[in-house]
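upload17.cif follows (mmCIF, C-alpha atoms, pLDDT in the B column; chains and numbers go by the auth columns):
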```cif
data_data
#
loop_
_atom_site.group_PDB
_atom_site.id
_atom_site.type_symbol
_atom_site.label_atom_id
_atom_site.label_comp_id
_atom_site.label_asym_id
_atom_site.label_seq_id
_atom_site.Cartn_x
_atom_site.Cartn_y
_atom_site.Cartn_z
_atom_site.B_iso_or_equiv
_atom_site.auth_seq_id
_atom_site.auth_asym_id
ATOM 1 C CA MET A 1 -15.443 28.857 52.348 89.00 1 A
ATOM 2 C CA LEU A 2 -18.238 29.737 49.885 96.00 2 A
ATOM 3 C CA GLU A 3 -18.328 33.331 51.148 96.00 3 A
ATOM 4 C CA GLN A 4 -18.227 34.703 47.588 98.00 4 A
ATOM 5 C CA GLU A 5 -21.025 32.379 46.489 98.00 5 A
ATOM 6 C CA ILE A 6 -23.205 33.401 49.425 97.00 6 A
ATOM 7 C CA GLN A 7 -22.591 37.053 48.633 98.00 7 A
ATOM 8 C CA THR A 8 -23.550 36.436 45.008 98.00 8 A
ATOM 9 C CA TYR A 9 -26.743 34.728 46.178 98.00 9 A
ATOM 10 C CA GLN A 10 -27.637 37.691 48.362 97.00 10 A
ATOM 11 C CA GLU A 11 -27.033 40.077 45.468 98.00 11 A
ATOM 12 C CA HIS A 12 -29.393 38.080 43.224 98.00 12 A
ATOM 13 C CA LYS A 13 -31.854 36.921 45.866 97.00 13 A
ATOM 14 C CA LYS A 14 -34.643 39.344 45.004 97.00 14 A
ATOM 15 C CA GLU A 15 -34.801 38.345 41.338 97.00 15 A
ATOM 16 C CA LEU A 16 -34.339 34.658 42.136 98.00 16 A
ATOM 17 C CA LEU A 17 -37.237 34.775 44.594 98.00 17 A
ATOM 18 C CA ALA A 18 -39.444 36.529 42.076 97.00 18 A
ATOM 19 C CA ASP A 19 -38.787 34.011 39.329 94.00 19 A
ATOM 20 C CA SER A 20 -37.841 30.750 40.969 97.00 20 A
ATOM 21 C CA ALA A 21 -38.873 30.516 44.624 97.00 21 A
ATOM 22 C CA GLY A 22 -38.635 26.945 45.908 97.00 22 A
ATOM 23 C CA LYS A 23 -36.170 25.853 43.228 98.00 23 A
ATOM 24 C CA TYR A 24 -32.410 25.333 43.541 98.00 24 A
ATOM 25 C CA VAL A 25 -29.757 27.692 42.247 98.00 25 A
ATOM 26 C CA VAL A 26 -26.159 26.831 41.361 98.00 26 A
ATOM 27 C CA ILE A 27 -23.591 29.560 42.023 98.00 27 A
ATOM 28 C CA LYS A 28 -19.845 29.513 41.464 98.00 28 A
ATOM 29 C CA GLY A 29 -17.993 32.645 42.464 98.00 29 A
ATOM 30 C CA GLN A 30 -19.912 35.572 40.996 98.00 30 A
ATOM 31 C CA GLU A 31 -21.654 33.429 38.399 97.00 31 A
ATOM 32 C CA VAL A 32 -25.256 32.275 38.720 98.00 32 A
ATOM 33 C CA ALA A 33 -24.972 29.128 36.640 97.00 33 A
ATOM 34 C CA GLY A 34 -28.595 28.020 36.591 97.00 34 A
ATOM 35 C CA VAL A 35 -31.811 27.224 38.413 98.00 35 A
ATOM 36 C CA TYR A 36 -33.171 23.670 38.742 98.00 36 A
ATOM 37 C CA ASP A 37 -36.311 22.018 40.037 98.00 37 A
ATOM 38 C CA THR A 38 -34.541 19.628 42.403 97.00 38 A
ATOM 39 C CA GLU A 39 -31.374 19.586 44.463 97.00 39 A
ATOM 40 C CA GLY A 40 -30.280 16.417 42.662 96.00 40 A
ATOM 41 C CA ASP A 41 -30.572 18.083 39.257 97.00 41 A
ATOM 42 C CA ALA A 42 -28.654 21.109 40.532 98.00 42 A
ATOM 43 C CA LEU A 43 -25.841 18.956 41.931 97.00 43 A
ATOM 44 C CA ARG A 44 -25.539 16.909 38.732 96.00 44 A
ATOM 45 C CA GLU A 45 -25.321 20.041 36.617 97.00 45 A
ATOM 46 C CA ALA A 46 -22.857 21.717 38.982 97.00 46 A
ATOM 47 C CA TYR A 47 -20.511 18.725 38.980 96.00 47 A
ATOM 48 C CA GLN A 48 -20.833 18.461 35.199 95.00 48 A
ATOM 49 C CA ARG A 49 -20.006 22.127 34.753 96.00 49 A
ATOM 50 C CA TYR A 50 -17.360 22.712 37.394 96.00 50 A
ATOM 51 C CA GLY A 51 -16.107 19.330 38.538 94.00 51 A
ATOM 52 C CA ASN A 52 -15.076 18.578 42.100 95.00 52 A
ATOM 53 C CA VAL A 53 -14.539 22.116 43.355 96.00 53 A
ATOM 54 C CA PRO A 54 -16.420 24.227 45.908 97.00 54 A
ATOM 55 C CA PHE A 55 -19.721 25.577 44.574 98.00 55 A
ATOM 56 C CA LEU A 56 -23.030 26.558 46.107 98.00 56 A
ATOM 57 C CA VAL A 57 -26.291 24.706 45.560 98.00 57 A
ATOM 58 C CA LYS A 58 -28.991 26.563 47.437 97.00 58 A
ATOM 59 C CA LYS A 59 -32.741 26.387 47.772 97.00 59 A
ATOM 60 C CA ILE A 60 -34.265 29.721 46.837 98.00 60 A
ATOM 61 C CA GLN A 61 -36.374 30.838 49.779 96.00 61 A
ATOM 62 C CA ASP A 62 -37.200 34.065 51.515 94.00 62 A
ATOM 63 C CA LEU A 63 -36.495 32.941 55.065 92.00 63 A
ATOM 64 C CA GLU A 64 -33.335 30.975 55.710 89.00 64 A
ATOM 65 C CA GLU A 65 -34.001 27.599 57.281 88.00 65 A
ATOM 66 C CA THR A 66 -32.284 26.509 60.479 92.00 66 A
ATOM 67 C CA LEU A 67 -32.117 22.750 60.994 92.00 67 A
ATOM 68 C CA TYR A 68 -32.747 21.591 64.548 89.00 68 A
ATOM 69 C CA PHE A 69 -31.031 18.697 66.306 89.00 69 A
ATOM 70 C CA ALA A 70 -32.698 17.476 69.467 87.00 70 A
ATOM 71 C CA SER A 71 -29.703 15.528 70.686 77.00 71 A
ATOM 72 C CA ASN A 72 -26.492 17.056 71.917 77.00 72 A
ATOM 73 C CA LEU A 73 -24.034 14.951 69.919 83.00 73 A
ATOM 74 C CA ILE A 74 -22.816 17.670 67.588 83.00 74 A
ATOM 75 C CA THR A 75 -20.031 20.051 68.510 77.00 75 A
ATOM 76 C CA VAL A 76 -20.068 23.327 66.581 70.00 76 A
ATOM 77 C CA MET B 1 -37.067 -3.861 50.011 83.00 77 B
ATOM 78 C CA PRO B 2 -33.392 -4.027 51.068 94.00 78 B
ATOM 79 C CA SER B 3 -32.970 -3.911 54.791 96.00 79 B
ATOM 80 C CA PHE B 4 -30.587 -4.854 57.553 97.00 80 B
ATOM 81 C CA THR B 5 -31.084 -5.948 61.132 97.00 81 B
ATOM 82 C CA THR B 6 -28.561 -5.461 63.904 97.00 82 B
ATOM 83 C CA GLN B 7 -28.654 -6.876 67.406 97.00 83 B
ATOM 84 C CA LEU B 8 -26.773 -4.973 70.074 97.00 84 B
ATOM 85 C CA PRO B 9 -26.405 -6.071 73.691 95.00 85 B
ATOM 86 C CA ASP B 10 -26.224 -2.403 74.681 95.00 86 B
ATOM 87 C CA LEU B 11 -28.815 -0.988 72.289 97.00 87 B
ATOM 88 C CA HIS B 12 -30.385 0.946 75.128 96.00 88 B
ATOM 89 C CA GLN B 13 -27.066 2.610 76.002 94.00 89 B
ATOM 90 C CA ARG B 14 -25.577 3.245 72.568 94.00 90 B
ATOM 91 C CA GLY B 15 -28.666 3.534 70.406 96.00 91 B
ATOM 92 C CA PRO B 16 -29.131 2.097 66.912 98.00 92 B
ATOM 93 C CA ILE B 17 -25.557 2.195 65.625 97.00 93 B
ATOM 94 C CA PHE B 18 -24.050 0.343 62.681 98.00 94 B
ATOM 95 C CA GLU B 19 -20.933 0.278 60.525 98.00 95 B
ATOM 96 C CA ALA B 20 -21.378 2.629 57.594 98.00 96 B
ATOM 97 C CA ARG B 21 -19.223 3.174 54.533 98.00 97 B
ATOM 98 C CA PHE B 22 -18.866 6.595 53.006 98.00 98 B
ATOM 99 C CA ILE B 23 -18.076 7.058 49.316 98.00 99 B
ATOM 100 C CA VAL B 24 -17.967 9.888 46.804 97.00 100 B
ATOM 101 C CA PRO B 25 -21.082 10.856 44.811 97.00 101 B
ATOM 102 C CA PRO B 26 -21.550 9.234 41.383 96.00 102 B
ATOM 103 C CA GLU B 27 -20.498 12.313 39.401 95.00 103 B
ATOM 104 C CA ILE B 28 -17.080 12.382 41.051 96.00 104 B
ATOM 105 C CA GLU B 29 -16.698 8.617 40.721 96.00 105 B
ATOM 106 C CA LYS B 30 -17.495 8.850 37.014 95.00 106 B
ATOM 107 C CA ALA B 31 -15.112 11.773 36.446 93.00 107 B
ATOM 108 C CA LEU B 32 -12.241 10.024 38.206 94.00 108 B
ATOM 109 C CA THR B 33 -12.897 6.749 36.399 95.00 109 B
ATOM 110 C CA THR B 34 -13.077 8.479 33.020 93.00 110 B
ATOM 111 C CA ALA B 35 -9.821 10.281 33.746 92.00 111 B
ATOM 112 C CA GLY B 36 -8.182 7.007 34.736 95.00 112 B
ATOM 113 C CA LYS B 37 -7.569 8.276 38.239 94.00 113 B
ATOM 114 C CA PRO B 38 -7.968 6.087 41.325 94.00 114 B
ATOM 115 C CA LEU B 39 -11.035 6.460 43.474 95.00 115 B
ATOM 116 C CA PRO B 40 -10.413 7.584 47.041 95.00 116 B
ATOM 117 C CA ALA B 41 -10.515 4.766 49.542 95.00 117 B
ATOM 118 C CA LEU B 42 -13.919 4.453 51.141 95.00 118 B
ATOM 119 C CA VAL B 43 -14.209 5.610 54.712 98.00 119 B
ATOM 120 C CA ILE B 44 -15.611 3.189 57.275 98.00 120 B
ATOM 121 C CA GLY B 45 -17.175 4.560 60.423 98.00 121 B
ATOM 122 C CA THR B 46 -19.839 4.284 63.086 98.00 122 B
ATOM 123 C CA ALA B 47 -23.221 5.772 62.305 98.00 123 B
ATOM 124 C CA LEU B 48 -26.116 6.365 64.678 97.00 124 B
ATOM 125 C CA ILE B 49 -29.690 6.459 63.423 97.00 125 B
ATOM 126 C CA ASP B 50 -30.899 9.644 65.080 96.00 126 B
ATOM 127 C CA THR B 51 -34.603 10.430 64.887 95.00 127 B
ATOM 128 C CA GLY B 52 -33.821 13.761 66.537 93.00 128 B
ATOM 129 C CA ALA B 53 -31.672 14.889 63.618 94.00 129 B
ATOM 130 C CA THR B 54 -33.427 16.814 60.884 94.00 130 B
ATOM 131 C CA ASN B 55 -30.625 16.015 58.450 96.00 131 B
ATOM 132 C CA THR B 56 -27.673 13.640 58.245 97.00 132 B
ATOM 133 C CA VAL B 57 -24.429 14.843 59.804 97.00 133 B
ATOM 134 C CA ILE B 58 -20.959 13.488 59.051 98.00 134 B
ATOM 135 C CA ASP B 59 -17.801 14.062 61.008 97.00 135 B
ATOM 136 C CA GLU B 60 -15.885 17.001 59.626 96.00 136 B
ATOM 137 C CA ASP B 61 -12.848 14.804 58.817 97.00 137 B
ATOM 138 C CA ILE B 62 -14.713 12.610 56.321 98.00 138 B
ATOM 139 C CA PRO B 63 -14.935 15.085 53.394 98.00 139 B
ATOM 140 C CA GLY B 64 -11.168 15.585 53.466 97.00 140 B
ATOM 141 C CA LYS B 65 -10.541 11.846 53.457 97.00 141 B
ATOM 142 C CA LEU B 66 -12.737 11.486 50.360 98.00 142 B
ATOM 143 C CA GLY B 67 -11.408 14.601 48.662 97.00 143 B
ATOM 144 C CA LEU B 68 -14.831 16.243 48.647 97.00 144 B
ATOM 145 C CA ASN B 69 -15.517 19.946 48.354 97.00 145 B
ATOM 146 C CA PRO B 70 -18.512 21.715 49.913 98.00 146 B
ATOM 147 C CA VAL B 71 -21.730 22.226 47.968 98.00 147 B
ATOM 148 C CA GLY B 72 -23.527 24.475 50.415 98.00 148 B
ATOM 149 C CA VAL B 73 -23.954 26.015 53.826 97.00 149 B
ATOM 150 C CA THR B 74 -26.710 25.218 56.326 95.00 150 B
ATOM 151 C CA ASN B 75 -27.550 26.781 59.650 94.00 151 B
ATOM 152 C CA ILE B 76 -28.001 24.291 62.453 94.00 152 B
ATOM 153 C CA ARG B 77 -29.157 24.613 66.021 91.00 153 B
ATOM 154 C CA THR B 78 -28.774 22.037 68.776 87.00 154 B
ATOM 155 C CA ALA B 79 -30.144 21.662 72.267 83.00 155 B
ATOM 156 C CA THR B 80 -27.228 23.685 73.612 82.00 156 B
ATOM 157 C CA THR B 81 -26.120 25.930 70.740 84.00 157 B
ATOM 158 C CA ASP B 82 -27.637 28.801 68.836 87.00 158 B
ATOM 159 C CA SER B 83 -27.881 28.859 65.065 89.00 159 B
ATOM 160 C CA HIS B 84 -24.490 28.158 63.526 91.00 160 B
ATOM 161 C CA PRO B 85 -23.437 27.815 59.844 94.00 161 B
ATOM 162 C CA CYS B 86 -21.964 24.490 58.719 96.00 162 B
ATOM 163 C CA LEU B 87 -20.701 23.369 55.325 98.00 163 B
ATOM 164 C CA THR B 88 -22.581 20.631 53.485 98.00 164 B
ATOM 165 C CA TYR B 89 -21.229 17.887 51.220 98.00 165 B
ATOM 166 C CA SER B 90 -22.760 15.555 48.647 98.00 166 B
ATOM 167 C CA ILE B 91 -21.918 12.018 49.696 98.00 167 B
ATOM 168 C CA ARG B 92 -23.136 8.416 49.457 98.00 168 B
ATOM 169 C CA ILE B 93 -23.624 6.307 52.553 98.00 169 B
ATOM 170 C CA VAL B 94 -23.527 2.533 52.133 98.00 170 B
ATOM 171 C CA PHE B 95 -25.617 0.597 54.643 97.00 171 B
ATOM 172 C CA PRO B 96 -24.819 -2.928 55.901 96.00 172 B
ATOM 173 C CA ALA B 97 -27.202 -4.595 53.442 92.00 173 B
ATOM 174 C CA GLY B 98 -25.214 -3.002 50.625 94.00 174 B
ATOM 175 C CA PHE B 99 -27.659 -0.323 49.549 95.00 175 B
ATOM 176 C CA ALA B 100 -26.312 3.189 49.143 96.00 176 B
ATOM 177 C CA ILE B 101 -28.136 6.427 49.752 97.00 177 B
ATOM 178 C CA ARG B 102 -26.978 9.743 48.397 97.00 178 B
ATOM 179 C CA THR B 103 -27.561 12.748 50.552 98.00 179 B
ATOM 180 C CA THR B 104 -26.314 16.231 51.258 98.00 180 B
ATOM 181 C CA ALA B 105 -24.750 15.889 54.686 98.00 181 B
ATOM 182 C CA ILE B 106 -23.762 18.533 57.190 97.00 182 B
ATOM 183 C CA ALA B 107 -20.148 18.420 58.387 97.00 183 B
ATOM 184 C CA ALA B 108 -19.553 18.940 62.106 95.00 184 B
ATOM 185 C CA LYS B 109 -17.481 17.537 64.936 93.00 185 B
ATOM 186 C CA LEU B 110 -18.762 14.107 65.947 92.00 186 B
ATOM 187 C CA LYS B 111 -15.589 12.134 66.654 86.00 187 B
ATOM 188 C CA ASN B 112 -15.511 13.123 70.311 85.00 188 B
ATOM 189 C CA GLN B 113 -18.822 11.286 70.669 88.00 189 B
ATOM 190 C CA GLY B 114 -17.333 8.127 69.175 92.00 190 B
ATOM 191 C CA LEU B 115 -19.413 8.605 66.044 96.00 191 B
ATOM 192 C CA ASP B 116 -18.749 9.328 62.397 97.00 192 B
ATOM 193 C CA ALA B 117 -22.303 10.070 61.301 98.00 193 B
ATOM 194 C CA LEU B 118 -25.825 10.756 62.460 97.00 194 B
ATOM 195 C CA ILE B 119 -28.368 9.346 60.039 98.00 195 B
ATOM 196 C CA GLY B 120 -31.071 11.994 59.909 97.00 196 B
ATOM 197 C CA ARG B 121 -34.708 12.153 59.004 96.00 197 B
ATOM 198 C CA GLU B 122 -34.113 13.134 55.354 96.00 198 B
ATOM 199 C CA ILE B 123 -32.938 9.513 54.977 98.00 199 B
ATOM 200 C CA LEU B 124 -35.415 7.974 57.418 98.00 200 B
ATOM 201 C CA ARG B 125 -38.280 9.484 55.416 97.00 201 B
ATOM 202 C CA MET B 126 -37.351 7.126 52.569 96.00 202 B
ATOM 203 C CA GLY B 127 -37.736 3.955 54.594 96.00 203 B
ATOM 204 C CA THR B 128 -38.900 2.185 57.714 97.00 204 B
ATOM 205 C CA LEU B 129 -37.135 1.864 61.042 97.00 205 B
ATOM 206 C CA TRP B 130 -38.118 -0.866 63.490 97.00 206 B
ATOM 207 C CA TYR B 131 -36.690 -0.466 66.992 97.00 207 B
ATOM 208 C CA ASN B 132 -37.234 -3.503 69.175 97.00 208 B
ATOM 209 C CA GLY B 133 -35.965 -2.574 72.604 96.00 209 B
ATOM 210 C CA TYR B 134 -37.257 -5.795 74.098 95.00 210 B
ATOM 211 C CA ASN B 135 -34.769 -8.013 72.234 95.00 211 B
ATOM 212 C CA GLY B 136 -32.152 -5.360 71.473 97.00 212 B
ATOM 213 C CA THR B 137 -32.542 -5.251 67.702 98.00 213 B
ATOM 214 C CA PHE B 138 -33.288 -2.650 65.109 98.00 214 B
ATOM 215 C CA THR B 139 -34.030 -2.950 61.426 98.00 215 B
ATOM 216 C CA PHE B 140 -33.815 -0.286 58.767 97.00 216 B
ATOM 217 C CA GLY B 141 -35.192 -0.882 55.320 96.00 217 B
ATOM 218 C CA ILE B 142 -35.665 1.274 52.274 93.00 218 B
#
```
Show me this structure written as structure tokens.
Amino acid sequence: MLEQEIQTYQEHKKELLADSAGKYVVIKGQEVAGVYDTEGDALREAYQRYGNVPFLVKKIQDLEETLYFASNLITV
Amino acid sequence: MPSFTTQLPDLHQRGPIFEARFIVPPEIEKALTTAGKPLPALVIGTALIDTGATNTVIDEDIPGKLGLNPVGVTNIRTATTDSHPCLTYSIRIVFPAGFAIRTTAIAAKLKNQGLDALIGREILRMGTLWYNGYNGTFTFGI
């Protein structure tokens, strides 16, 4: 799920980084819907625009962040 | 400051766990209400406050029960796994004192640990956690 949105992000990453590093982008399919200062703003706008469907809200950053979990409670 | 305190006879064994309620984010609640559609039944589950978790994790079954769709993908790494992509969901978690916190939670398998959620540090950073091992209580306030 969200493969198309991630591909769209990769295709636009260079320009997004140049203009809006550190902000949050909303992507649905091949459409870059907008860039917002906060994740909350991006989510509100995405729900307003698309409703309860899959969409991508992503922080615009050069290096992708990996979140670390010290405990071993999660099965992936 | 709203807060709750829980006393557990086995706090040392089980950690700071509590009964959490999971509900849809406000935008979905508003859209359903406006459309005259029923809200999905809230999901009740066991949550562990986990200071070792960078972000909140919910069991992968919860989004389906609430009718939620993913809003992102995050790579996670645990003590025994390499980096792995997981879907994320916008959700509200209601704590025992009645206050709700909205977060973007990672969905992963937790049920086999007897848990439905790990409350991570993106929530803990908003409040204060008191862990009193001596009398088996913990308090979380925000």
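In this structure, CA of Ala155 (chain B) sits 18.0 Å away from CA of Leu191 (chain B).
Residue neighbourhood of region 41-55 of chain A, excluding near-sequence residues (fewer than 3 positions): A:Met1, A:Leu2, A:Glu5, A:Tyr24, A:Val25, A:Val26, A:Ile27, A:Lys28, A:Gly29, A:Ala33, A:Gly34, A:Val35, A:Tyr36, A:Asp37, A:Thr38, A:Lys58, B:Glu103, B:Ile104, B:Ala107, B:Gly143, B:Leu144, B:Asn145, B:Pro146, B:Val147, B:Gly148, B:Ser166, at 9 Å, using all atoms listed in the file.
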Inset, instruction - Write out as a list in words each polymer residue whose atoms come within 10 Å of Asn72 (chain A), counting all atoms listed in the file; drop sequence neighbours fewer than 6 positions from it. - result: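 Skipping anything fewer than 6 positions along the chain leaves Gly128, Arg153, Thr154, Ala155, Thr156, Thr157 and Gln189 of chain B.
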Resolved residues for the PyMOL selection byres ((chain B and resi 203-205) around 7) as an mmCIF file with C-alpha atoms, keeping the file's coordinate frame:
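Saved file expr-v1.cif follows:
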```cif
data_model
loop_
_atom_site.group_PDB
_atom_site.id
_atom_site.type_symbol
_atom_site.label_atom_id
_atom_site.label_comp_id
_atom_site.auth_asym_id
_atom_site.auth_seq_id
_atom_site.Cartn_x
_atom_site.Cartn_y
_atom_site.Cartn_z
ATOM 1 C CA LEU B 200 -35.415 7.974 57.418
ATOM 2 C CA ARG B 201 -38.280 9.484 55.416
ATOM 3 C CA MET B 202 -37.351 7.126 52.569
ATOM 4 C CA TRP B 206 -38.118 -0.866 63.490
ATOM 5 C CA TYR B 207 -36.690 -0.466 66.992
ATOM 6 C CA THR B 215 -34.030 -2.950 61.426
ATOM 7 C CA PHE B 216 -33.815 -0.286 58.767
ATOM 8 C CA GLY B 217 -35.192 -0.882 55.320
ATOM 9 C CA ILE B 218 -35.665 1.274 52.274
#
```
Inset, instruction - Kindly indicate which residue among B:Lys113, B:Thr122, B:Pro102, B:Asn208 lies nearest to chain A, using only C-alpha atoms for the distances. - result: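 Among the listed residues, the smallest separation from chain A belongs to B:Pro102.
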Inset, instruction - Go through the shown structure with the PyMOL selection byres ((chain A and resi 64-71) around 10) and write out the matching residues as a ChimeraX atom specification. - result: /A:59-63,72-74 /B:126-131,150-161,196
Could the residues in this selection be saved with C-alpha atoms as a short mmCIF file (atom, residue, chain, number, x, y, z; two decimals), in the coordinates of the input?
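Now in result.cif:
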```
data_model
loop_
_atom_site.label_atom_id
_atom_site.label_comp_id
_atom_site.auth_asym_id
_atom_site.auth_seq_id
_atom_site.Cartn_x
_atom_site.Cartn_y
_atom_site.Cartn_z
CA LYS A 59 -32.74 26.39 47.77
CA ILE A 60 -34.26 29.72 46.84
CA GLN A 61 -36.37 30.84 49.78
CA ASP A 62 -37.20 34.06 51.52
CA LEU A 63 -36.49 32.94 55.06
CA ASN A 72 -26.49 17.06 71.92
CA LEU A 73 -24.03 14.95 69.92
CA ILE A 74 -22.82 17.67 67.59
CA ASP B 126 -30.90 9.64 65.08
CA THR B 127 -34.60 10.43 64.89
CA GLY B 128 -33.82 13.76 66.54
CA ALA B 129 -31.67 14.89 63.62
CA THR B 130 -33.43 16.81 60.88
CA ASN B 131 -30.62 16.02 58.45
CA THR B 150 -26.71 25.22 56.33
CA ASN B 151 -27.55 26.78 59.65
CA ILE B 152 -28.00 24.29 62.45
CA ARG B 153 -29.16 24.61 66.02
CA THR B 154 -28.77 22.04 68.78
CA ALA B 155 -30.14 21.66 72.27
CA THR B 156 -27.23 23.68 73.61
CA THR B 157 -26.12 25.93 70.74
CA ASP B 158 -27.64 28.80 68.84
CA SER B 159 -27.88 28.86 65.06
CA HIS B 160 -24.49 28.16 63.53
CA PRO B 161 -23.44 27.82 59.84
CA GLY B 196 -31.07 11.99 59.91
#
```
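Note that the spacing between CA of Leu84 (chain B) and CA of Ile195 (chain B) amounts to 17.6 Å.
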Legend entry - Given only C-alpha atoms as the counted atoms, nearest of B:Phe175, B:Ile199, B:Arg97, B:Val149 to chain A: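 Result for the nearest residue to chain A: B:Val149.
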Given 5 Å on each side, where is the centre and what are the edge lengths in Å to one decimal of the axis-aligned box enclosing the listed atoms of region 56-69 of chain A, as lines of an AutoDock Vina configuration file?
```
center_x = -30.1
center_y = 26.4
center_z = 55.9
size_x = 24.2
size_y = 25.4
size_z = 30.7
```
Write out N, CA and C atoms for region 95-118 of chain B, as an mmCIF file, keeping the file's coordinate frame.
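Ended up saving to selection29.cif:
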```cif
data_model
loop_
_atom_site.group_PDB
_atom_site.id
_atom_site.type_symbol
_atom_site.label_atom_id
_atom_site.label_comp_id
_atom_site.auth_asym_id
_atom_site.auth_seq_id
_atom_site.Cartn_x
_atom_site.Cartn_y
_atom_site.Cartn_z
ATOM 1 N N GLU B 95 -22.129 -0.089 61.284
ATOM 2 C CA GLU B 95 -20.933 0.278 60.525
ATOM 3 C C GLU B 95 -21.343 0.769 59.144
ATOM 4 N N ALA B 96 -21.022 2.020 58.880
ATOM 5 C CA ALA B 96 -21.378 2.629 57.594
ATOM 6 C C ALA B 96 -20.123 2.829 56.762
ATOM 7 N N ARG B 97 -20.317 2.862 55.459
ATOM 8 C CA ARG B 97 -19.223 3.174 54.533
ATOM 9 C C ARG B 97 -19.596 4.443 53.785
ATOM 10 N N PHE B 98 -18.629 5.307 53.640
ATOM 11 C CA PHE B 98 -18.866 6.595 53.006
ATOM 12 C C PHE B 98 -18.060 6.654 51.716
ATOM 13 N N ILE B 99 -18.744 7.002 50.620
ATOM 14 C CA ILE B 99 -18.076 7.058 49.316
ATOM 15 C C ILE B 99 -18.480 8.339 48.595
ATOM 16 N N VAL B 100 -17.715 8.648 47.548
ATOM 17 C CA VAL B 100 -17.967 9.888 46.804
ATOM 18 C C VAL B 100 -19.262 9.766 46.009
ATOM 19 N N PRO B 101 -19.866 10.911 45.640
ATOM 20 C CA PRO B 101 -21.082 10.856 44.811
ATOM 21 C C PRO B 101 -20.761 10.343 43.413
ATOM 22 N N PRO B 102 -21.793 9.892 42.680
ATOM 23 C CA PRO B 102 -21.550 9.234 41.383
ATOM 24 C C PRO B 102 -20.861 10.131 40.367
ATOM 25 N N GLU B 103 -21.118 11.418 40.394
ATOM 26 C CA GLU B 103 -20.498 12.313 39.401
ATOM 27 C C GLU B 103 -18.979 12.335 39.566
ATOM 28 N N ILE B 104 -18.525 12.365 40.812
ATOM 29 C CA ILE B 104 -17.080 12.382 41.051
ATOM 30 C C ILE B 104 -16.478 11.029 40.710
ATOM 31 N N GLU B 105 -17.188 9.955 41.066
ATOM 32 C CA GLU B 105 -16.698 8.617 40.721
ATOM 33 C C GLU B 105 -16.533 8.474 39.210
ATOM 34 N N LYS B 106 -17.538 8.946 38.476
ATOM 35 C CA LYS B 106 -17.495 8.850 37.014
ATOM 36 C C LYS B 106 -16.346 9.681 36.440
ATOM 37 N N ALA B 107 -16.180 10.897 36.965
ATOM 38 C CA ALA B 107 -15.112 11.773 36.446
ATOM 39 C C ALA B 107 -13.734 11.178 36.702
ATOM 40 N N LEU B 108 -13.543 10.624 37.883
ATOM 41 C CA LEU B 108 -12.241 10.024 38.206
ATOM 42 C C LEU B 108 -11.992 8.788 37.350
ATOM 43 N N THR B 109 -13.037 7.964 37.194
ATOM 44 C CA THR B 109 -12.897 6.749 36.399
ATOM 45 C C THR B 109 -12.588 7.084 34.947
ATOM 46 N N THR B 110 -13.304 8.073 34.412
ATOM 47 C CA THR B 110 -13.077 8.479 33.020
ATOM 48 C C THR B 110 -11.658 8.997 32.818
ATOM 49 N N ALA B 111 -11.174 9.710 33.840
ATOM 50 C CA ALA B 111 -9.821 10.281 33.746
ATOM 51 C C ALA B 111 -8.737 9.256 34.063
ATOM 52 N N GLY B 112 -9.153 8.044 34.411
ATOM 53 C CA GLY B 112 -8.182 7.007 34.736
ATOM 54 C C GLY B 112 -7.502 7.213 36.068
ATOM 55 N N LYS B 113 -8.141 8.009 36.919
ATOM 56 C CA LYS B 113 -7.569 8.276 38.239
ATOM 57 C C LYS B 113 -8.181 7.333 39.275
ATOM 58 N N PRO B 114 -7.423 6.998 40.311
ATOM 59 C CA PRO B 114 -7.968 6.087 41.325
ATOM 60 C C PRO B 114 -9.053 6.755 42.163
ATOM 61 N N LEU B 115 -10.000 5.953 42.573
ATOM 62 C CA LEU B 115 -11.035 6.460 43.474
ATOM 63 C C LEU B 115 -10.470 6.543 44.886
ATOM 64 N N PRO B 116 -10.879 7.535 45.650
ATOM 65 C CA PRO B 116 -10.413 7.584 47.041
ATOM 66 C C PRO B 116 -10.915 6.373 47.810
ATOM 67 N N ALA B 117 -10.101 5.913 48.730
ATOM 68 C CA ALA B 117 -10.515 4.766 49.542
ATOM 69 C C ALA B 117 -11.777 5.121 50.325
ATOM 70 N N LEU B 118 -12.700 4.179 50.382
ATOM 71 C CA LEU B 118 -13.919 4.453 51.141
ATOM 72 C C LEU B 118 -13.563 4.632 52.612
#
```
